[in-house]
$ cat upload-v9.cif   # mmCIF, C-alpha atoms
data_input
loop_
_atom_site.label_atom_id
_atom_site.label_comp_id
_atom_site.auth_asym_id
_atom_site.auth_seq_id
_atom_site.Cartn_x
_atom_site.Cartn_y
_atom_site.Cartn_z
CA ASP P 1 0.00 0.00 0.00
CA ALA P 2 1.18 3.51 -0.78
CA LYS P 3 2.40 5.60 2.12
CA THR P 4 0.73 8.86 3.08
CA THR P 5 2.10 12.03 4.63
CA GLN P 6 -0.07 14.36 6.68
CA PRO P 7 0.70 17.39 8.87
CA THR P 8 0.88 16.51 12.53
CA SER P 9 -1.63 19.13 13.62
CA MET P 10 -3.81 21.96 12.34
CA ASP P 11 -6.11 24.58 13.81
CA CYS P 12 -9.31 25.90 12.31
CA ALA P 13 -11.76 28.57 13.47
CA GLU P 14 -15.28 27.40 14.16
CA GLY P 15 -17.57 28.01 11.19
CA ARG P 16 -14.72 28.19 8.72
CA ALA P 17 -13.72 25.51 6.24
CA ALA P 18 -11.09 23.05 7.41
CA ASN P 19 -8.78 21.86 4.63
CA LEU P 20 -6.71 18.83 5.55
CA PRO P 21 -3.98 17.87 3.08
CA CYS P 22 -2.54 14.45 2.38
CA ASN P 23 0.36 13.50 0.14
CA HIS P 24 0.42 10.06 -1.45
CA SER P 25 2.96 10.42 -4.24
CA THR P 26 3.47 6.66 -4.68
CA ILE P 27 -0.21 5.85 -5.13
CA SER P 28 -0.91 3.33 -7.85
CA GLY P 29 -3.76 3.24 -10.32
CA ASN P 30 -6.07 0.92 -8.43
CA GLU P 31 -5.61 2.44 -4.98
CA TYR P 32 -8.34 4.43 -3.32
CA VAL P 33 -7.95 7.34 -0.93
CA TYR P 34 -9.91 6.98 2.29
CA TRP P 35 -10.43 9.41 5.13
CA TYR P 36 -11.33 8.41 8.65
CA ARG P 37 -11.45 10.37 11.85
CA GLN P 38 -11.13 9.48 15.51
CA ILE P 39 -12.84 11.67 18.05
CA HIS P 40 -11.12 11.52 21.43
CA SER P 41 -10.62 7.79 22.11
CA GLN P 42 -13.58 6.41 20.19
CA GLY P 43 -13.25 3.95 17.33
CA PRO P 44 -12.33 5.57 14.01
CA GLN P 45 -15.25 6.72 11.90
CA TYR P 46 -15.47 6.58 8.12
CA ILE P 47 -15.75 9.97 6.38
CA ILE P 48 -15.31 9.59 2.64
CA HIS P 49 -13.30 7.83 -0.03
CA GLY P 50 -12.48 8.30 -3.71
CA LEU P 51 -10.47 6.99 -6.63
CA LYS P 52 -9.90 9.87 -9.03
CA ASN P 53 -12.96 12.09 -9.12
CA ASN P 54 -13.81 14.59 -6.44
CA GLU P 55 -16.38 13.28 -3.99
CA THR P 56 -18.86 14.92 -1.65
CA ASN P 57 -21.14 13.56 1.01
CA GLU P 58 -23.00 14.97 3.98
CA MET P 59 -19.86 15.11 6.08
CA ALA P 60 -17.13 16.37 3.77
CA SER P 61 -15.67 16.82 0.32
CA LEU P 62 -12.63 15.05 -1.05
CA ILE P 63 -10.53 16.76 -3.71
CA ILE P 64 -7.98 14.54 -5.47
CA THR P 65 -5.40 16.16 -7.75
CA GLU P 66 -5.33 15.13 -11.37
CA ASP P 67 -2.05 13.23 -10.94
CA ARG P 68 -3.54 11.60 -7.79
CA LYS P 69 -0.41 12.31 -5.79
CA SER P 70 -2.22 14.36 -3.20
CA SER P 71 -5.69 15.04 -1.87
CA THR P 72 -7.51 17.42 0.44
CA LEU P 73 -10.34 16.68 2.81
CA ILE P 74 -12.64 19.66 3.23
CA LEU P 75 -14.99 20.12 6.16
CA PRO P 76 -17.02 23.06 4.85
CA HIS P 77 -18.18 24.57 8.14
CA ALA P 78 -16.13 23.16 10.97
CA THR P 79 -17.72 22.84 14.40
CA LEU P 80 -16.19 22.13 17.77
CA ARG P 81 -17.36 18.54 17.40
CA ASP P 82 -15.07 18.13 14.38
CA THR P 83 -12.05 18.30 16.68
CA ALA P 84 -10.43 14.91 16.08
CA VAL P 85 -7.51 13.05 14.55
CA TYR P 86 -8.00 12.65 10.80
CA TYR P 87 -6.42 9.73 8.99
CA CYS P 88 -5.71 9.63 5.27
CA ILE P 89 -5.29 6.05 4.03
CA VAL P 90 -4.43 4.71 0.62
CA ARG P 91 -5.53 1.19 -0.04
CA GLY P 92 -5.87 -1.09 -3.00
CA TYR P 93 -8.89 -2.74 -4.44
CA ASN P 94 -8.21 -6.24 -3.24
CA TYR P 95 -10.46 -7.50 -0.49
CA GLY P 96 -7.60 -8.93 1.52
CA GLN P 97 -5.69 -5.66 1.76
CA ASN P 98 -5.70 -4.10 5.16
CA PHE P 99 -6.24 -0.52 6.26
CA VAL P 100 -2.96 0.93 7.52
CA PHE P 101 -3.39 3.88 9.90
CA GLY P 102 -0.56 6.37 10.28
CA PRO P 103 -0.41 9.03 13.00
CA GLY P 104 -2.90 11.29 11.17
CA THR P 105 -3.55 15.02 11.58
CA ARG P 106 -4.86 16.34 14.86
CA LEU P 107 -7.43 19.02 13.94
CA SER P 108 -8.40 21.46 16.64
CA VAL P 109 -11.47 23.58 15.91
CA LEU P 110 -11.23 26.75 17.96
CA PRO P 111 -14.19 28.85 19.14
CA ASN L 1 -27.95 -1.53 14.81
CA ALA L 2 -25.37 -3.06 17.13
CA GLY L 3 -22.56 -3.04 14.53
CA VAL L 4 -19.27 -4.11 16.13
CA THR L 5 -19.46 -4.90 19.84
CA GLN L 6 -16.41 -5.30 22.06
CA THR L 7 -16.23 -6.55 25.64
CA PRO L 8 -14.99 -5.76 28.18
CA LYS L 9 -14.65 -2.01 27.86
CA PHE L 10 -12.12 -1.77 30.68
CA GLN L 11 -9.83 -4.40 32.17
CA VAL L 12 -6.89 -4.43 34.54
CA LEU L 13 -4.62 -7.47 34.44
CA LYS L 14 -1.60 -8.54 36.39
CA THR L 15 1.56 -9.43 34.52
CA GLY L 16 1.41 -13.05 33.41
CA GLN L 17 -2.36 -13.36 33.47
CA SER L 18 -4.27 -14.36 30.38
CA MET L 19 -7.53 -13.01 29.10
CA THR L 20 -9.74 -12.82 26.03
CA LEU L 21 -11.15 -9.69 24.45
CA GLN L 22 -14.42 -10.47 22.78
CA CYS L 23 -15.59 -9.01 19.47
CA ALA L 24 -18.86 -9.65 17.68
CA GLN L 25 -20.42 -8.11 14.60
CA ASP L 26 -23.94 -8.46 13.28
CA MET L 27 -23.39 -7.19 9.74
CA ASN L 28 -22.41 -10.55 8.24
CA HIS L 29 -19.00 -9.15 7.36
CA GLU L 30 -16.40 -11.61 6.16
CA TYR L 31 -13.40 -9.56 7.26
CA MET L 32 -12.57 -8.83 10.89
CA SER L 33 -9.46 -7.44 12.51
CA TRP L 34 -7.88 -6.29 15.76
CA TYR L 35 -5.86 -3.12 16.17
CA ARG L 36 -4.08 -1.65 19.15
CA GLN L 37 -3.52 2.03 19.78
CA ASP L 38 -0.91 3.32 22.18
CA PRO L 39 -1.12 6.89 23.53
CA GLY L 40 -0.56 9.49 20.81
CA MET L 41 -0.06 6.84 18.14
CA GLY L 42 -1.97 5.57 15.17
CA LEU L 43 -3.61 2.16 15.07
CA ARG L 44 -1.46 -0.88 14.50
CA LEU L 45 -2.87 -4.12 13.10
CA ILE L 46 -2.48 -7.17 15.34
CA HIS L 47 -4.34 -9.97 13.56
CA TYR L 48 -7.00 -10.21 10.93
CA SER L 49 -9.35 -12.72 9.35
CA VAL L 50 -10.82 -12.78 5.86
CA GLY L 51 -13.43 -15.36 6.77
CA ALA L 52 -14.39 -18.11 9.21
CA GLY L 53 -11.52 -20.50 9.75
CA ILE L 54 -8.92 -18.14 8.24
CA THR L 55 -6.65 -15.86 10.25
CA ASP L 56 -3.39 -14.08 9.57
CA GLN L 57 -0.88 -11.90 11.34
CA GLY L 58 -0.73 -8.16 11.10
CA GLU L 59 2.04 -5.75 12.05
CA VAL L 60 2.29 -6.55 15.77
CA PRO L 61 1.05 -10.14 16.40
CA ASN L 62 3.45 -11.26 19.13
CA GLY L 63 1.78 -12.12 22.43
CA TYR L 64 -1.68 -12.45 20.90
CA ASN L 65 -3.73 -15.31 19.49
CA VAL L 66 -6.93 -15.25 17.49
CA SER L 67 -9.39 -17.73 16.08
CA ARG L 68 -12.42 -17.37 13.85
CA SER L 69 -14.86 -20.22 14.26
CA THR L 70 -17.92 -18.20 13.17
CA THR L 71 -18.52 -15.23 10.88
CA GLU L 72 -19.80 -13.17 13.81
CA ASP L 73 -17.06 -13.59 16.41
CA PHE L 74 -13.34 -12.82 16.47
CA PRO L 75 -11.86 -13.09 19.97
CA LEU L 76 -8.36 -11.83 20.79
CA ARG L 77 -6.42 -13.77 23.42
CA LEU L 78 -3.55 -12.41 25.46
CA LEU L 79 -1.58 -15.47 26.49
CA SER L 80 0.62 -14.01 29.23
CA ALA L 81 -0.02 -10.31 29.69
CA ALA L 82 2.91 -7.90 29.81
CA PRO L 83 2.96 -4.18 30.71
CA SER L 84 3.88 -3.45 27.06
CA GLN L 85 0.40 -4.69 26.12
CA THR L 86 -1.23 -1.83 28.01
CA SER L 87 -3.18 -0.18 25.23
CA VAL L 88 -6.58 0.47 23.72
CA TYR L 89 -7.77 -2.35 21.52
CA PHE L 90 -10.14 -1.87 18.62
CA CYS L 91 -11.97 -4.58 16.73
CA ALA L 92 -13.14 -3.82 13.21
CA SER L 93 -15.07 -5.47 10.42
CA ARG L 94 -15.93 -4.86 6.80
CA SER L 95 -17.73 -6.59 4.00
CA GLN L 96 -15.94 -8.01 1.00
CA MET L 97 -18.04 -6.06 -1.46
CA PRO L 98 -15.82 -3.96 -3.70
CA PRO L 99 -14.67 -1.47 -4.57
CA GLY L 100 -14.47 0.86 -1.64
CA ASN L 101 -15.70 -1.30 1.20
CA THR L 102 -15.45 0.73 4.38
CA ILE L 103 -14.33 -0.56 7.74
CA TYR L 104 -16.40 -0.29 10.90
CA PHE L 105 -14.88 -0.11 14.36
CA GLY L 106 -16.01 -1.05 17.81
CA GLU L 107 -15.81 1.40 20.68
CA GLY L 108 -12.56 0.03 22.06
CA SER L 109 -11.34 -1.98 25.04
CA TRP L 110 -9.00 -0.26 27.49
CA LEU L 111 -6.48 -2.73 28.89
CA THR L 112 -4.01 -1.98 31.65
CA VAL L 113 -1.37 -4.54 32.62
CA VAL L 114 0.28 -3.93 35.99
#

$ encode --input "upload-v9.cif" --output "structure tokens"
Amino acid sequence: DAKTTQPTSMDCAEGRAANLPCNHSTISGNEYVYWYRQIHSQGPQYIIHGLKNNETNEMASLIITEDRKSSTLILPHATLRDTAVYYCIVRGYNYGQNFVFGPGTRLSVLP
Amino acid sequence: NAGVTQTPKFQVLKTGQSMTLQCAQDMNHEYMSWYRQDPGMGLRLIHYSVGAGITDQGEVPNGYNVSRSTTEDFPLRLLSAAPSQTSVYFCASRSQMPPGNTIYFGEGSWLTVV
């Protein structure tokens, strides 16, 4: 699985958009980009995933660059409850491949 | 929806004791796994199973055993607990439906070994 690089921590003002970057320069053609988050010490929660097109759901948007070497998770109107560790994971198509969690980005949403 | 259920939520063990962390899922998922998370760290994969009767090692398997006799259950056994196994343990499951099958986590089991 391709490795990912994320900033260790970020701050965002409440109500503003939070843009979390992720570099995955060694991603291969059949690998998806997933985002999960972990609030305090709960189990990680799925946010969104994509292959090459930009994706949006009720939680967030995922922007993947054309060369697929990086992506950005966007929380459009961050709230205090979005304070969490955000994990960017690149994983292949095969069923047997595992999810590998790195240290992630600790996002603090400030009032 | 129960999803992924882990028990116990908290446990204190003495060094050398053994115990089993239970994990059950009601989503008929083929794949199940165990992760551990140490303070300030990401999750590390201990063992996983792609179906009943099939298990394999992850990144940090030493000191742990697993078995998968049913689709629903995937217990994690600590054979002889050590202080280095103090951690939060997460069980997870996912279906085998491609292409972007997402993984679902339990709420975690906090284990302290003294």

$ resolve_selection --input "upload-v9.cif" --expression "the PyMOL selection byres ((chain L) within 6 of (chain P))" --output "PyMOL selection string"
chain L and resi 41-43+96+99+105-107

$ residues_around --input "upload-v9.cif" --residues "Asp38 of chain L" --least-positions-apart "3" --cutoff "10 Å" --atoms "only C-alpha atoms" --output "ChimeraX atom specification"
/L:41-44,84-89

$ residues_around --input "upload-v9.cif" --residues "Ala2 of chain L" --least-positions-apart "2" --cutoff "8 Å" --atoms "all atoms listed in the file" --output "VMD selection string"
chain L and resid 4 to 5 25 to 26

$ resolve_selection --input "upload-v9.cif" --expression "the PyMOL selection byres ((chain P and resi 60) around 9)" --output "PyMOL selection string"
chain P and resi 47-48+55-59+61-62+73-76

$ closest_residue --input "upload-v9.cif" --among "L:Ser69, L:Arg94, L:Val60, L:Gln17" --to "Ser33 of chain L" --atoms "all atoms listed in the file"
L:Arg94

$ atom_distance --input "upload-v9.cif" --atom1 "atom CA of Cys88 of chain P" --atom2 "atom CA of Gly108 of chain L"
20.5 Å

$ closest_residue --input "upload-v9.cif" --among "P:Thr26, P:Asn19, P:Gln6, P:Ser71" --to "Asn54 of chain P" --atoms "only C-alpha atoms"
P:Ser71

$ residues_around --input "upload-v9.cif" --residues "Ala24 of chain L" --least-positions-apart "4" --cutoff "9 Å" --atoms "all atoms listed in the file" --output "ChimeraX atom specification"
/L:3-7,71-75,91

$ atom_distance --input "upload-v9.cif" --atom1 "atom CA of Leu107 of chain P" --atom2 "atom CA of Cys12 of chain P"
7.3 Å

$ resolve_selection --input "upload-v9.cif" --expression "the PyMOL selection byres ((chain L and resi 46) around 9)" --output "list in words"
Ser33, Trp34, Tyr35, Arg36, Arg44, Leu45, His47, Tyr48, Gln57, Gly58, Glu59, Val60, Pro61, Asn62 and Tyr64 of chain L

$ axis_aligned_box --input "upload-v9.cif" --around "segment 48-57 of chain P" --padding-each-side "6 Å" --output "JSON"
{"center_x": -15.5, "center_y": 11.0, "center_z": -3.2, "size_x": 23.2, "size_y": 19.9, "size_z": 23.8}

$ decode --input "upload-v9.cif" --residues "segment 1-109 of chain P" --atoms "C-alpha atoms" --output "PDB file, in the first residue's frame"
ATOM      1  CA  ASP P   1       0.000   0.000   0.000  1.00  0.00           C
ATOM      2  CA  ALA P   2       1.178   3.508  -0.776  1.00  0.00           C
ATOM      3  CA  LYS P   3       2.399   5.604   2.121  1.00  0.00           C
ATOM      4  CA  THR P   4       0.731   8.860   3.075  1.00  0.00           C
ATOM      5  CA  THR P   5       2.103  12.028   4.633  1.00  0.00           C
ATOM      6  CA  GLN P   6      -0.072  14.362   6.678  1.00  0.00           C
ATOM      7  CA  PRO P   7       0.700  17.389   8.866  1.00  0.00           C
ATOM      8  CA  THR P   8       0.880  16.509  12.531  1.00  0.00           C
ATOM      9  CA  SER P   9      -1.632  19.126  13.619  1.00  0.00           C
ATOM     10  CA  MET P  10      -3.810  21.959  12.339  1.00  0.00           C
ATOM     11  CA  ASP P  11      -6.114  24.578  13.812  1.00  0.00           C
ATOM     12  CA  CYS P  12      -9.310  25.897  12.306  1.00  0.00           C
ATOM     13  CA  ALA P  13     -11.759  28.565  13.469  1.00  0.00           C
ATOM     14  CA  GLU P  14     -15.280  27.399  14.160  1.00  0.00           C
ATOM     15  CA  GLY P  15     -17.566  28.013  11.187  1.00  0.00           C
ATOM     16  CA  ARG P  16     -14.715  28.189   8.719  1.00  0.00           C
ATOM     17  CA  ALA P  17     -13.717  25.509   6.235  1.00  0.00           C
ATOM     18  CA  ALA P  18     -11.085  23.049   7.406  1.00  0.00           C
ATOM     19  CA  ASN P  19      -8.781  21.861   4.629  1.00  0.00           C
ATOM     20  CA  LEU P  20      -6.715  18.826   5.550  1.00  0.00           C
ATOM     21  CA  PRO P  21      -3.980  17.869   3.077  1.00  0.00           C
ATOM     22  CA  CYS P  22      -2.542  14.453   2.376  1.00  0.00           C
ATOM     23  CA  ASN P  23       0.364  13.504   0.142  1.00  0.00           C
ATOM     24  CA  HIS P  24       0.423  10.060  -1.451  1.00  0.00           C
ATOM     25  CA  SER P  25       2.964  10.422  -4.235  1.00  0.00           C
ATOM     26  CA  THR P  26       3.468   6.657  -4.678  1.00  0.00           C
ATOM     27  CA  ILE P  27      -0.215   5.852  -5.132  1.00  0.00           C
ATOM     28  CA  SER P  28      -0.909   3.327  -7.852  1.00  0.00           C
ATOM     29  CA  GLY P  29      -3.757   3.241 -10.316  1.00  0.00           C
ATOM     30  CA  ASN P  30      -6.069   0.920  -8.432  1.00  0.00           C
ATOM     31  CA  GLU P  31      -5.611   2.439  -4.982  1.00  0.00           C
ATOM     32  CA  TYR P  32      -8.340   4.430  -3.320  1.00  0.00           C
ATOM     33  CA  VAL P  33      -7.949   7.344  -0.931  1.00  0.00           C
ATOM     34  CA  TYR P  34      -9.909   6.975   2.295  1.00  0.00           C
ATOM     35  CA  TRP P  35     -10.432   9.410   5.133  1.00  0.00           C
ATOM     36  CA  TYR P  36     -11.331   8.408   8.654  1.00  0.00           C
ATOM     37  CA  ARG P  37     -11.446  10.369  11.850  1.00  0.00           C
ATOM     38  CA  GLN P  38     -11.133   9.478  15.507  1.00  0.00           C
ATOM     39  CA  ILE P  39     -12.839  11.667  18.053  1.00  0.00           C
ATOM     40  CA  HIS P  40     -11.123  11.516  21.432  1.00  0.00           C
ATOM     41  CA  SER P  41     -10.622   7.786  22.115  1.00  0.00           C
ATOM     42  CA  GLN P  42     -13.583   6.413  20.191  1.00  0.00           C
ATOM     43  CA  GLY P  43     -13.251   3.946  17.333  1.00  0.00           C
ATOM     44  CA  PRO P  44     -12.331   5.571  14.007  1.00  0.00           C
ATOM     45  CA  GLN P  45     -15.249   6.715  11.901  1.00  0.00           C
ATOM     46  CA  TYR P  46     -15.470   6.582   8.116  1.00  0.00           C
ATOM     47  CA  ILE P  47     -15.750   9.972   6.383  1.00  0.00           C
ATOM     48  CA  ILE P  48     -15.308   9.590   2.642  1.00  0.00           C
ATOM     49  CA  HIS P  49     -13.298   7.834  -0.033  1.00  0.00           C
ATOM     50  CA  GLY P  50     -12.485   8.299  -3.714  1.00  0.00           C
ATOM     51  CA  LEU P  51     -10.469   6.989  -6.628  1.00  0.00           C
ATOM     52  CA  LYS P  52      -9.898   9.871  -9.032  1.00  0.00           C
ATOM     53  CA  ASN P  53     -12.956  12.086  -9.118  1.00  0.00           C
ATOM     54  CA  ASN P  54     -13.813  14.593  -6.438  1.00  0.00           C
ATOM     55  CA  GLU P  55     -16.378  13.279  -3.994  1.00  0.00           C
ATOM     56  CA  THR P  56     -18.856  14.919  -1.649  1.00  0.00           C
ATOM     57  CA  ASN P  57     -21.141  13.564   1.012  1.00  0.00           C
ATOM     58  CA  GLU P  58     -23.005  14.974   3.976  1.00  0.00           C
ATOM     59  CA  MET P  59     -19.859  15.109   6.080  1.00  0.00           C
ATOM     60  CA  ALA P  60     -17.132  16.369   3.771  1.00  0.00           C
ATOM     61  CA  SER P  61     -15.668  16.818   0.316  1.00  0.00           C
ATOM     62  CA  LEU P  62     -12.630  15.054  -1.054  1.00  0.00           C
ATOM     63  CA  ILE P  63     -10.531  16.760  -3.714  1.00  0.00           C
ATOM     64  CA  ILE P  64      -7.982  14.542  -5.475  1.00  0.00           C
ATOM     65  CA  THR P  65      -5.405  16.157  -7.748  1.00  0.00           C
ATOM     66  CA  GLU P  66      -5.326  15.130 -11.366  1.00  0.00           C
ATOM     67  CA  ASP P  67      -2.051  13.226 -10.935  1.00  0.00           C
ATOM     68  CA  ARG P  68      -3.541  11.605  -7.786  1.00  0.00           C
ATOM     69  CA  LYS P  69      -0.411  12.313  -5.786  1.00  0.00           C
ATOM     70  CA  SER P  70      -2.222  14.356  -3.197  1.00  0.00           C
ATOM     71  CA  SER P  71      -5.687  15.037  -1.870  1.00  0.00           C
ATOM     72  CA  THR P  72      -7.514  17.417   0.435  1.00  0.00           C
ATOM     73  CA  LEU P  73     -10.337  16.675   2.809  1.00  0.00           C
ATOM     74  CA  ILE P  74     -12.636  19.660   3.233  1.00  0.00           C
ATOM     75  CA  LEU P  75     -14.991  20.116   6.159  1.00  0.00           C
ATOM     76  CA  PRO P  76     -17.017  23.057   4.848  1.00  0.00           C
ATOM     77  CA  HIS P  77     -18.180  24.572   8.142  1.00  0.00           C
ATOM     78  CA  ALA P  78     -16.129  23.159  10.969  1.00  0.00           C
ATOM     79  CA  THR P  79     -17.721  22.844  14.397  1.00  0.00           C
ATOM     80  CA  LEU P  80     -16.186  22.127  17.772  1.00  0.00           C
ATOM     81  CA  ARG P  81     -17.364  18.541  17.402  1.00  0.00           C
ATOM     82  CA  ASP P  82     -15.073  18.132  14.383  1.00  0.00           C
ATOM     83  CA  THR P  83     -12.046  18.300  16.678  1.00  0.00           C
ATOM     84  CA  ALA P  84     -10.426  14.906  16.085  1.00  0.00           C
ATOM     85  CA  VAL P  85      -7.507  13.049  14.552  1.00  0.00           C
ATOM     86  CA  TYR P  86      -8.002  12.651  10.799  1.00  0.00           C
ATOM     87  CA  TYR P  87      -6.417   9.730   8.987  1.00  0.00           C
ATOM     88  CA  CYS P  88      -5.707   9.632   5.268  1.00  0.00           C
ATOM     89  CA  ILE P  89      -5.293   6.047   4.033  1.00  0.00           C
ATOM     90  CA  VAL P  90      -4.434   4.713   0.617  1.00  0.00           C
ATOM     91  CA  ARG P  91      -5.531   1.188  -0.037  1.00  0.00           C
ATOM     92  CA  GLY P  92      -5.868  -1.095  -2.998  1.00  0.00           C
ATOM     93  CA  TYR P  93      -8.892  -2.739  -4.442  1.00  0.00           C
ATOM     94  CA  ASN P  94      -8.209  -6.241  -3.240  1.00  0.00           C
ATOM     95  CA  TYR P  95     -10.460  -7.503  -0.493  1.00  0.00           C
ATOM     96  CA  GLY P  96      -7.596  -8.932   1.523  1.00  0.00           C
ATOM     97  CA  GLN P  97      -5.687  -5.663   1.756  1.00  0.00           C
ATOM     98  CA  ASN P  98      -5.697  -4.095   5.158  1.00  0.00           C
ATOM     99  CA  PHE P  99      -6.242  -0.521   6.256  1.00  0.00           C
ATOM    100  CA  VAL P 100      -2.960   0.929   7.519  1.00  0.00           C
ATOM    101  CA  PHE P 101      -3.388   3.880   9.895  1.00  0.00           C
ATOM    102  CA  GLY P 102      -0.563   6.366  10.278  1.00  0.00           C
ATOM    103  CA  PRO P 103      -0.407   9.030  12.999  1.00  0.00           C
ATOM    104  CA  GLY P 104      -2.900  11.289  11.166  1.00  0.00           C
ATOM    105  CA  THR P 105      -3.547  15.021  11.584  1.00  0.00           C
ATOM    106  CA  ARG P 106      -4.861  16.342  14.861  1.00  0.00           C
ATOM    107  CA  LEU P 107      -7.427  19.025  13.936  1.00  0.00           C
ATOM    108  CA  SER P 108      -8.404  21.464  16.637  1.00  0.00           C
ATOM    109  CA  VAL P 109     -11.469  23.583  15.906  1.00  0.00           C
TER     110      VAL P 109
END
